[in-house]
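Structure file input12.tsv (TSV, C-alpha atoms) follows.
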chain	number	residue	atom	x	y	z
M	1	MET	CA	51.22	90.98	91.48
M	2	ARG	CA	51.00	94.57	92.75
M	3	VAL	CA	52.78	97.02	90.43
M	4	LEU	CA	53.61	100.71	90.79
M	5	ILE	CA	54.30	102.66	87.57
M	6	ALA	CA	56.79	105.54	87.78
M	7	ASP	CA	56.98	107.53	84.53
M	8	ASP	CA	56.51	111.21	83.66
M	9	HIS	CA	54.91	110.62	80.25
M	10	PRO	CA	51.10	110.34	80.72
M	11	VAL	CA	50.46	108.67	77.35
M	12	PHE	CA	53.09	105.99	77.97
M	13	THR	CA	51.84	105.48	81.53
M	14	ALA	CA	48.27	104.98	80.31
M	15	GLY	CA	49.38	102.46	77.70
M	16	LEU	CA	51.54	100.57	80.21
M	17	ARG	CA	48.65	100.45	82.68
M	18	MET	CA	46.37	98.90	80.04
M	19	LEU	CA	49.03	96.35	79.17
M	20	LEU	CA	49.66	95.36	82.78
M	21	GLU	CA	45.98	95.12	83.67
M	22	SER	CA	45.49	92.78	80.72
M	23	LEU	CA	47.89	90.33	82.34
M	24	PRO	CA	46.42	87.74	84.70
M	25	SER	CA	47.08	88.25	88.41
M	26	THR	CA	48.56	91.73	87.90
M	27	GLU	CA	47.23	94.89	89.53
M	28	VAL	CA	48.44	98.47	89.07
M	29	VAL	CA	48.26	100.00	92.56
M	30	GLY	CA	49.59	103.48	91.75
M	31	GLU	CA	51.20	105.89	89.32
M	32	ALA	CA	54.00	108.39	90.01
M	33	SER	CA	55.15	111.16	87.68
M	34	THR	CA	58.29	112.16	89.65
M	35	GLY	CA	61.06	110.29	91.40
M	36	LYS	CA	60.02	111.69	94.78
M	37	ASP	CA	56.40	110.60	94.26
M	38	ALA	CA	57.61	107.11	93.35
M	39	LEU	CA	59.55	106.92	96.61
M	40	GLU	CA	56.61	108.12	98.70
M	41	LEU	CA	54.16	105.73	97.02
M	42	ALA	CA	56.59	102.81	97.38
M	43	ARG	CA	56.82	103.51	101.11
M	44	GLU	CA	53.05	103.75	101.40
M	45	LEU	CA	51.89	100.95	99.10
M	46	ILE	CA	54.83	98.51	99.32
M	47	PRO	CA	54.28	97.13	95.78
M	48	ASP	CA	55.80	93.89	94.59
M	49	VAL	CA	57.28	95.61	91.55
M	50	VAL	CA	58.10	99.24	90.71
M	51	MET	CA	58.40	99.94	86.99
M	52	MET	CA	60.76	102.92	86.90
M	53	ASP	CA	61.79	105.30	84.12
M	54	VAL	CA	65.35	106.67	84.32
M	55	ASP	CA	64.70	110.25	83.21
M	56	MET	CA	62.37	111.49	85.96
M	57	PRO	CA	61.87	115.03	87.36
M	58	GLN	CA	62.74	116.01	90.96
M	59	MET	CA	64.64	112.76	91.51
M	60	ASN	CA	66.01	110.68	88.65
M	61	GLY	CA	65.14	107.01	88.37
M	62	ILE	CA	68.56	105.80	89.52
M	63	ALA	CA	68.45	107.83	92.74
M	64	ALA	CA	64.80	106.87	93.29
M	65	THR	CA	65.66	103.19	92.83
M	66	GLN	CA	68.37	103.38	95.47
M	67	ALA	CA	66.05	105.21	97.88
M	68	ILE	CA	63.24	102.69	97.32
M	69	GLN	CA	65.56	99.78	98.02
M	70	THR	CA	66.38	101.38	101.37
M	71	ALA	CA	62.81	102.39	102.27
M	72	SER	CA	60.99	99.36	100.82
M	73	PRO	CA	63.47	96.51	100.27
M	74	ASP	CA	60.68	94.05	99.45
M	75	SER	CA	59.77	96.04	96.33
M	76	ALA	CA	61.70	94.96	93.24
M	77	VAL	CA	62.55	97.73	90.78
M	78	LEU	CA	62.36	97.10	87.04
M	79	ILE	CA	63.83	99.88	84.91
M	80	LEU	CA	61.87	100.63	81.74
M	81	SER	CA	63.64	103.32	79.73
M	82	ILE	CA	64.65	104.50	76.26
M	83	ILE	CA	68.24	104.91	77.53
M	84	GLU	CA	70.40	101.92	76.60
M	85	ASP	CA	73.99	103.04	77.26
M	86	LEU	CA	75.99	100.67	79.44
M	87	ASP	CA	76.93	103.26	82.07
M	88	THR	CA	73.26	103.90	82.85
M	89	VAL	CA	72.48	100.18	82.97
M	90	LEU	CA	75.35	99.51	85.39
M	91	ALA	CA	74.38	102.51	87.53
M	92	ALA	CA	70.82	101.16	87.79
M	93	VAL	CA	72.09	97.72	88.82
M	94	ARG	CA	74.38	99.26	91.44
M	95	ALA	CA	71.41	101.23	92.76
M	96	GLY	CA	69.49	97.99	93.28
M	97	ALA	CA	67.42	97.51	90.13
M	98	ARG	CA	66.77	93.86	89.37
M	99	GLY	CA	65.95	94.31	85.72
M	100	TYR	CA	66.40	96.70	82.81
M	101	LEU	CA	64.19	96.78	79.71
M	102	LEU	CA	63.94	99.22	76.86
M	103	LYS	CA	60.60	100.89	76.22
M	104	GLY	CA	60.25	99.03	72.95
M	105	ALA	CA	59.81	95.74	74.84
M	106	GLY	CA	56.71	93.71	73.99
M	107	MET	CA	54.00	92.43	76.31
M	108	GLU	CA	55.51	88.96	76.70
M	109	GLU	CA	58.94	90.36	77.59
M	110	ILE	CA	57.48	92.73	80.18
M	111	ALA	CA	55.34	89.98	81.71
M	112	GLN	CA	58.34	87.65	81.89
M	113	ALA	CA	60.49	90.36	83.49
M	114	ILE	CA	57.89	91.09	86.17
M	115	GLY	CA	57.65	87.42	87.01
M	116	VAL	CA	61.42	86.97	87.19
M	117	ILE	CA	62.26	89.93	89.40
M	118	SER	CA	59.29	89.38	91.72
M	119	THR	CA	60.79	85.98	92.63
M	120	GLY	CA	64.25	87.41	93.31
M	121	GLY	CA	65.79	86.99	89.87
M	122	ALA	CA	67.37	89.53	87.54
M	123	ILE	CA	66.63	90.15	83.89
M	124	PHE	CA	67.81	92.37	81.05
M	125	GLY	CA	66.34	93.09	77.65
M	126	SER	CA	68.12	91.48	74.71
M	127	GLN	CA	69.92	94.64	73.58
M	128	VAL	CA	70.94	95.55	77.13
M	129	ALA	CA	72.02	91.98	77.87
M	130	ARG	CA	74.48	91.99	74.96
M	131	ALA	CA	76.11	95.15	76.29
M	132	VAL	CA	76.37	93.67	79.80
M	133	VAL	CA	77.86	90.40	78.50
M	134	ASP	CA	80.42	92.32	76.42
M	135	TYR	CA	81.36	94.36	79.49
M	136	ILE	CA	81.89	91.20	81.56
M	137	THR	CA	83.70	89.09	78.97
M	138	LYS	CA	85.84	91.63	77.13
M	139	PRO	CA	89.05	92.88	78.77
M	140	PRO	CA	88.82	96.40	80.18
M	141	PRO	CA	90.32	99.19	78.07
M	142	GLN	CA	93.94	100.07	78.75
M	143	ILE	CA	94.11	102.88	81.27
M	144	VAL	CA	96.69	105.49	80.33
M	145	PRO	CA	98.49	106.97	83.36
M	146	PHE	CA	98.19	110.74	83.60
M	147	PRO	CA	95.74	111.29	80.70
M	148	GLU	CA	96.27	115.04	81.07
M	149	LEU	CA	99.81	114.63	79.72
M	150	THR	CA	100.74	114.29	76.05
M	151	ASP	CA	102.56	111.17	74.86
M	152	ARG	CA	105.86	113.07	74.74
M	153	GLU	CA	105.34	114.47	78.25
M	154	ARG	CA	104.73	110.94	79.50
M	155	ASP	CA	107.98	109.85	77.83
M	156	VAL	CA	109.84	112.58	79.68
M	157	LEU	CA	108.16	111.76	82.99
M	158	ARG	CA	108.90	108.06	82.51
M	159	LEU	CA	112.60	108.80	82.21
M	160	VAL	CA	112.49	111.14	85.22
M	161	ALA	CA	110.94	108.28	87.20
M	162	ASP	CA	113.80	106.07	86.01
M	163	GLY	CA	116.31	108.45	87.58
M	164	GLN	CA	117.54	110.12	84.40
M	165	GLY	CA	118.79	113.69	84.32
M	166	ASN	CA	117.91	116.28	81.72
M	167	THR	CA	120.98	115.61	79.56
M	168	VAL	CA	120.27	111.89	79.30
M	169	ILE	CA	116.56	112.52	78.70
M	170	ALA	CA	117.45	114.90	75.87
M	171	ARG	CA	119.71	112.29	74.29
M	172	GLU	CA	117.19	109.46	74.69
M	173	LEU	CA	114.35	111.46	73.10
M	174	SER	CA	116.46	113.40	70.57
M	175	LEU	CA	115.58	116.72	72.18
M	176	SER	CA	117.57	119.70	73.38
M	177	VAL	CA	118.13	120.14	77.10
M	178	LYS	CA	116.14	123.39	76.94
M	179	THR	CA	113.19	121.55	75.41
M	180	VAL	CA	113.36	118.94	78.18
M	181	ARG	CA	113.23	121.73	80.77
M	182	ASN	CA	110.18	123.19	79.03
M	183	TYR	CA	108.49	119.79	79.07
M	184	LEU	CA	109.26	119.40	82.76
M	185	SER	CA	107.74	122.81	83.52
M	186	ARG	CA	104.52	121.80	81.80
M	187	ILE	CA	104.52	118.40	83.51
M	188	PHE	CA	104.97	119.95	86.96
M	189	ALA	CA	102.14	122.41	86.28
M	190	LYS	CA	99.74	119.70	85.08
M	191	LEU	CA	100.54	117.34	87.96
M	192	GLN	CA	100.64	120.21	90.47
M	193	VAL	CA	104.03	119.23	91.82
M	194	THR	CA	106.99	121.50	92.57
M	195	HIS	CA	110.05	119.34	91.84
M	196	ARG	CA	111.16	116.29	89.91
M	197	THR	CA	111.43	113.99	92.93
M	198	GLU	CA	107.74	114.41	93.70
M	199	ALA	CA	106.92	113.89	90.03
M	200	ALA	CA	109.06	110.73	89.98
M	201	VAL	CA	107.32	109.29	93.04
M	202	ARG	CA	103.89	109.91	91.54
M	203	ALA	CA	104.96	108.37	88.24
M	204	ARG	CA	106.27	105.24	89.97
M	205	ARG	CA	103.05	104.87	91.95
M	206	GLU	CA	101.02	105.04	88.74
M	207	GLY	CA	103.22	102.38	87.12
M	208	LEU	CA	104.87	104.74	84.64
M	209	VAL	CA	108.28	103.05	84.46
M	210	ALA	CA	110.93	103.14	81.73
M	211	GLU	CA	111.39	99.90	79.80
M	212	VAL	CA	114.49	97.84	80.48
M	213	ASP	CA	116.12	96.99	77.18
M	214	GLY	CA	119.83	96.76	77.98
M	215	LYS	CA	120.84	98.65	74.83
M	216	GLY	CA	122.62	101.53	76.45
M	217	GLY	CA	120.53	104.45	77.64
M	218	GLY	CA	117.26	103.68	79.41
M	219	ALA	CA	117.85	100.99	81.96
M	220	TYR	CA	121.57	100.36	81.63
M	221	GLY	CA	122.89	103.50	79.99
M	222	SER	CA	122.58	105.84	82.99
M	223	SER	CA	125.28	106.80	85.43
M	224	CYS	CA	125.22	108.26	88.90
M	225	ARG	CA	124.82	112.02	88.67
M	226	ALA	CA	124.93	114.88	91.10
M	227	GLY	CA	123.27	118.20	90.54
M	228	PRO	CA	119.85	119.82	90.47
M	229	ASP	CA	118.30	117.40	87.97
M	230	ALA	CA	119.43	114.16	89.61
M	231	LEU	CA	117.18	112.20	91.92
M	232	PRO	CA	118.53	111.84	95.48
M	233	GLY	CA	119.84	108.38	96.16
M	234	PRO	CA	122.45	106.55	98.19
M	235	PRO	CA	126.02	106.42	96.85
M	236	VAL	CA	127.22	103.20	95.26
M	237	SER	CA	130.78	101.99	95.58
M	238	PRO	CA	132.43	99.81	92.93
M	239	SER	CA	132.52	96.90	95.33
M	240	SER	CA	128.73	97.01	95.79
M	241	ALA	CA	127.91	96.92	92.06
M	242	PRO	CA	125.95	93.76	91.20
M	243	ALA	CA	127.55	90.94	89.30
M	244	GLY	CA	126.45	90.38	85.71
M	245	PRO	CA	127.49	88.87	82.41
M	246	TRP	CA	130.00	91.66	81.79
M	247	SER	CA	133.50	92.00	83.15
M	248	GLY	CA	136.06	94.72	83.68
M	249	ASP	CA	135.15	98.37	83.10
M	250	GLU	CA	131.99	97.53	81.16
M	251	GLY	CA	130.63	95.35	83.95
M	252	HIS	CA	131.39	98.01	86.53
M	253	ARG	CA	129.78	100.75	84.41
M	254	ARG	CA	126.61	98.82	83.76
M	255	GLY	CA	126.28	97.43	87.27
M	256	THR	CA	126.95	100.74	88.97
M	257	ALA	CA	124.45	102.49	86.70
M	258	SER	CA	121.74	99.97	87.57
M	259	MET	CA	122.42	100.24	91.29
M	260	CYS	CA	122.51	104.02	91.11
M	261	ARG	CA	119.19	104.27	89.40
M	262	ARG	CA	117.44	101.85	91.72
M	263	GLY	CA	118.87	103.63	94.71
M	264	ALA	CA	117.73	106.96	93.31
M	265	VAL	CA	114.17	105.81	92.83
M	266	ALA	CA	114.15	104.13	96.22
M	267	GLY	CA	115.42	107.29	97.84
M	268	ALA	CA	112.75	109.37	96.11
M	269	ALA	CA	109.93	106.98	97.02
M	270	GLY	CA	111.17	106.20	100.51
M	271	ILE	CA	111.34	102.47	99.85
M	272	PRO	CA	114.23	100.00	99.60
M	273	ALA	CA	115.41	99.30	96.06
M	274	ALA	CA	115.23	95.75	94.76
M	275	GLY	CA	118.47	93.88	95.17
M	276	MET	CA	119.86	96.36	97.76
M	277	ARG	CA	117.96	95.17	100.80
M	278	GLY	CA	120.94	94.25	102.92
M	279	SER	CA	123.38	96.94	101.82
M	280	PRO	CA	124.29	100.03	103.87
M	281	ALA	CA	122.96	102.14	101.00
M	282	ALA	CA	119.56	100.47	101.24
M	283	GLN	CA	119.48	100.95	105.00
M	284	ALA	CA	120.29	104.61	104.50
M	285	SER	CA	117.50	105.05	101.98
M	286	ARG	CA	115.00	103.43	104.33
M	287	LYS	CA	116.00	105.83	107.09
Since I need it in another form, could you write the structure as structure tokens?
Amino acid sequence: MRVLIADDHPVFTAGLRMLLESLPSTEVVGEASTGKDALELARELIPDVVMMDVDMPQMNGIAATQAIQTASPDSAVLILSIIEDLDTVLAAVRAGARGYLLKGAGMEEIAQAIGVISTGGAIFGSQVARAVVDYITKPPPQIVPFPELTDRERDVLRLVADGQGNTVIARELSLSVKTVRNYLSRIFAKLQVTHRTEAAVRARREGLVAEVDGKGGGAYGSSCRAGPDALPGPPVSPSSAPAGPWSGDEGHRRGTASMCRRGAVAGAAGIPAAGMRGSPAAQASRK
């Protein structure tokens, strides 16, 4: 088994060479102290295995691994590093490394790893393997839309995306209208948008949508508004309000509010609102 050692610590390299040469059928064909040297030697020597450190001068071990896989695809790269964080491990695997061991690995573990990756397999040290398994089996962390915004700013933006005007937003969040305007100014600056319609479209695309609770306010408590803080949307006539479990004035109020809001969001995003596909208002919003 022809092995190339790539590490910038001479003492560690000397010890690793002694260990490898003590293994049967293993030959160290070269040593590299920089990432660029490792790439050049891999091209020249075409080793079976390259034992690569991550923290290398001139070219780091991840970049060198990727370059070696392009220049010498028959050479399997085994990372041997003191770095054990998951991001580095995954970056090495994406670059083409077939194994990742920590520098505290014993002779038997190193010998086993060389044998596994030289035959096309992949191997990770015990500590690294636990991190990889956790990454695969545990659900990913919840991604918060617009992390640059505060929780309160996201609340305001969520209601803007739901078609609410400043007065309703103030009532929903127990704020003054002036405070809502101040929040909107900060939101627009952080998102680099110039008006609420653009902010609403971006919020909808990122999945920042107000919850529908049917308790007045929020989803069913809005009404069609005109003015500078209302989203543009198609008009809704009483006859086009959707049917629901309410009757009389209450049914009309709730139904019209729902239609208005969906039409407003559809108009802002340039898409037809759900439940309005065949109506003249929906056709107008699509145009």
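Omitting segment 2-5 of chain M and its sequence neighbours fewer than 2 positions away, and counting only C-alpha atoms, the residues within 9 Å are M:Asp7, M:Thr13, M:Leu16, M:Arg17, M:Leu20, M:Ser25, M:Thr26, M:Glu27, M:Val28, M:Val29, M:Gly30, M:Glu31, M:Ala32, M:Ser33, M:Ala38, M:Leu41, M:Ala42, M:Leu45, M:Ile46, M:Pro47, M:Asp48, M:Val49, M:Val50, M:Met51, M:Met52, M:Asp53, M:Ile114.
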Selected residues written out with C-alpha atoms, as a tab-separated table (two decimals), in the coordinates of the input:
chain	number	residue	atom	x	y	z
M	7	ASP	CA	56.98	107.53	84.53
M	13	THR	CA	51.84	105.48	81.53
M	16	LEU	CA	51.54	100.57	80.21
M	17	ARG	CA	48.65	100.45	82.68
M	20	LEU	CA	49.66	95.36	82.78
M	25	SER	CA	47.08	88.25	88.41
M	26	THR	CA	48.56	91.73	87.90
M	27	GLU	CA	47.23	94.89	89.53
M	28	VAL	CA	48.44	98.47	89.07
M	29	VAL	CA	48.26	100.00	92.56
M	30	GLY	CA	49.59	103.48	91.75
M	31	GLU	CA	51.20	105.89	89.32
M	32	ALA	CA	54.00	108.39	90.01
M	33	SER	CA	55.15	111.16	87.68
M	38	ALA	CA	57.61	107.11	93.35
M	41	LEU	CA	54.16	105.73	97.02
M	42	ALA	CA	56.59	102.81	97.38
M	45	LEU	CA	51.89	100.95	99.10
M	46	ILE	CA	54.83	98.51	99.32
M	47	PRO	CA	54.28	97.13	95.78
M	48	ASP	CA	55.80	93.89	94.59
M	49	VAL	CA	57.28	95.61	91.55
M	50	VAL	CA	58.10	99.24	90.71
M	51	MET	CA	58.40	99.94	86.99
M	52	MET	CA	60.76	102.92	86.90
M	53	ASP	CA	61.79	105.30	84.12
M	114	ILE	CA	57.89	91.09	86.17
Study note, to complete from the structure: Between atom CA of Asp155 of chain M and atom CA of Glu172 of chain M lies a distance of 9.7 Å
Exercise for review: Enter the distance from atom CA of Ser72 of chain M to atom CA of Arg43 of chain M, in Å, rounded to one decimal.
Suggested key: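 Spanning atom CA of Ser72 of chain M to atom CA of Arg43 of chain M is a straight-line distance of 5.9 Å.
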Review point. Neighbours of segment 180-182 of chain M within 8 Å (all atoms listed in the file; same-chain residues fewer than 6 positions away dropped), as a list in words?
Key: Val156, Asn166, Ile169 and Ala170 of chain M
Radius query 12 Å about (100.9, 112.9, 77.8), atoms used: only C-alpha atoms, as a PDB file with C-alpha atoms, in the coordinates of the input:
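To be explicit, this is the file written out as out06.pdb:
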ATOM      1  CA  VAL M 144      96.690 105.490  80.330  1.00  0.00           C
ATOM      2  CA  PRO M 145      98.490 106.970  83.360  1.00  0.00           C
ATOM      3  CA  PHE M 146      98.190 110.740  83.600  1.00  0.00           C
ATOM      4  CA  PRO M 147      95.740 111.290  80.700  1.00  0.00           C
ATOM      5  CA  GLU M 148      96.270 115.040  81.070  1.00  0.00           C
ATOM      6  CA  LEU M 149      99.810 114.630  79.720  1.00  0.00           C
ATOM      7  CA  THR M 150     100.740 114.290  76.050  1.00  0.00           C
ATOM      8  CA  ASP M 151     102.560 111.170  74.860  1.00  0.00           C
ATOM      9  CA  ARG M 152     105.860 113.070  74.740  1.00  0.00           C
ATOM     10  CA  GLU M 153     105.340 114.470  78.250  1.00  0.00           C
ATOM     11  CA  ARG M 154     104.730 110.940  79.500  1.00  0.00           C
ATOM     12  CA  ASP M 155     107.980 109.850  77.830  1.00  0.00           C
ATOM     13  CA  VAL M 156     109.840 112.580  79.680  1.00  0.00           C
ATOM     14  CA  LEU M 157     108.160 111.760  82.990  1.00  0.00           C
ATOM     15  CA  ARG M 158     108.900 108.060  82.510  1.00  0.00           C
ATOM     16  CA  TYR M 183     108.490 119.790  79.070  1.00  0.00           C
ATOM     17  CA  LEU M 184     109.260 119.400  82.760  1.00  0.00           C
ATOM     18  CA  ARG M 186     104.520 121.800  81.800  1.00  0.00           C
ATOM     19  CA  ILE M 187     104.520 118.400  83.510  1.00  0.00           C
ATOM     20  CA  LYS M 190      99.740 119.700  85.080  1.00  0.00           C
ATOM     21  CA  LEU M 191     100.540 117.340  87.960  1.00  0.00           C
ATOM     22  CA  LEU M 208     104.870 104.740  84.640  1.00  0.00           C
TER      23      LEU M 208
END
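As for atom CA of Leu175 of chain M and atom CA of Ala199 of chain M, they are spaced 20.0 Å apart.
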Point to revise | Pick from M:Lys103, M:Arg204, M:Lys178, M:Arg196 nearest to Glu84 of chain M, counting only C-alpha atoms | key: M:Lys103
Sel. within 10 Å of pt (69.4, 101.8, 90.3), counting only C-alpha atoms, output as a PDB file with C-alpha atoms, keeping the file's coordinate frame:
ATOM      1  CA  MET M  52      60.760 102.920  86.900  1.00  0.00           C
ATOM      2  CA  VAL M  54      65.350 106.670  84.320  1.00  0.00           C
ATOM      3  CA  ASN M  60      66.010 110.680  88.650  1.00  0.00           C
ATOM      4  CA  GLY M  61      65.140 107.010  88.370  1.00  0.00           C
ATOM      5  CA  ILE M  62      68.560 105.800  89.520  1.00  0.00           C
ATOM      6  CA  ALA M  63      68.450 107.830  92.740  1.00  0.00           C
ATOM      7  CA  ALA M  64      64.800 106.870  93.290  1.00  0.00           C
ATOM      8  CA  THR M  65      65.660 103.190  92.830  1.00  0.00           C
ATOM      9  CA  GLN M  66      68.370 103.380  95.470  1.00  0.00           C
ATOM     10  CA  ALA M  67      66.050 105.210  97.880  1.00  0.00           C
ATOM     11  CA  ILE M  68      63.240 102.690  97.320  1.00  0.00           C
ATOM     12  CA  GLN M  69      65.560  99.780  98.020  1.00  0.00           C
ATOM     13  CA  VAL M  77      62.550  97.730  90.780  1.00  0.00           C
ATOM     14  CA  LEU M  78      62.360  97.100  87.040  1.00  0.00           C
ATOM     15  CA  ILE M  79      63.830  99.880  84.910  1.00  0.00           C
ATOM     16  CA  THR M  88      73.260 103.900  82.850  1.00  0.00           C
ATOM     17  CA  VAL M  89      72.480 100.180  82.970  1.00  0.00           C
ATOM     18  CA  LEU M  90      75.350  99.510  85.390  1.00  0.00           C
ATOM     19  CA  ALA M  91      74.380 102.510  87.530  1.00  0.00           C
ATOM     20  CA  ALA M  92      70.820 101.160  87.790  1.00  0.00           C
ATOM     21  CA  VAL M  93      72.090  97.720  88.820  1.00  0.00           C
ATOM     22  CA  ARG M  94      74.380  99.260  91.440  1.00  0.00           C
ATOM     23  CA  ALA M  95      71.410 101.230  92.760  1.00  0.00           C
ATOM     24  CA  GLY M  96      69.490  97.990  93.280  1.00  0.00           C
ATOM     25  CA  ALA M  97      67.420  97.510  90.130  1.00  0.00           C
ATOM     26  CA  ARG M  98      66.770  93.860  89.370  1.00  0.00           C
ATOM     27  CA  GLY M  99      65.950  94.310  85.720  1.00  0.00           C
ATOM     28  CA  TYR M 100      66.400  96.700  82.810  1.00  0.00           C
TER      29      TYR M 100
END
Exercise for review: Tell me which of M:Thr167, M:Gln58, M:Ser75, M:Thr194 sits closest to Thr34 of chain M, counting all atoms listed in the file.
Suggested key: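 That would be M:Gln58, the residue with the smallest distance to Thr34 of chain M.
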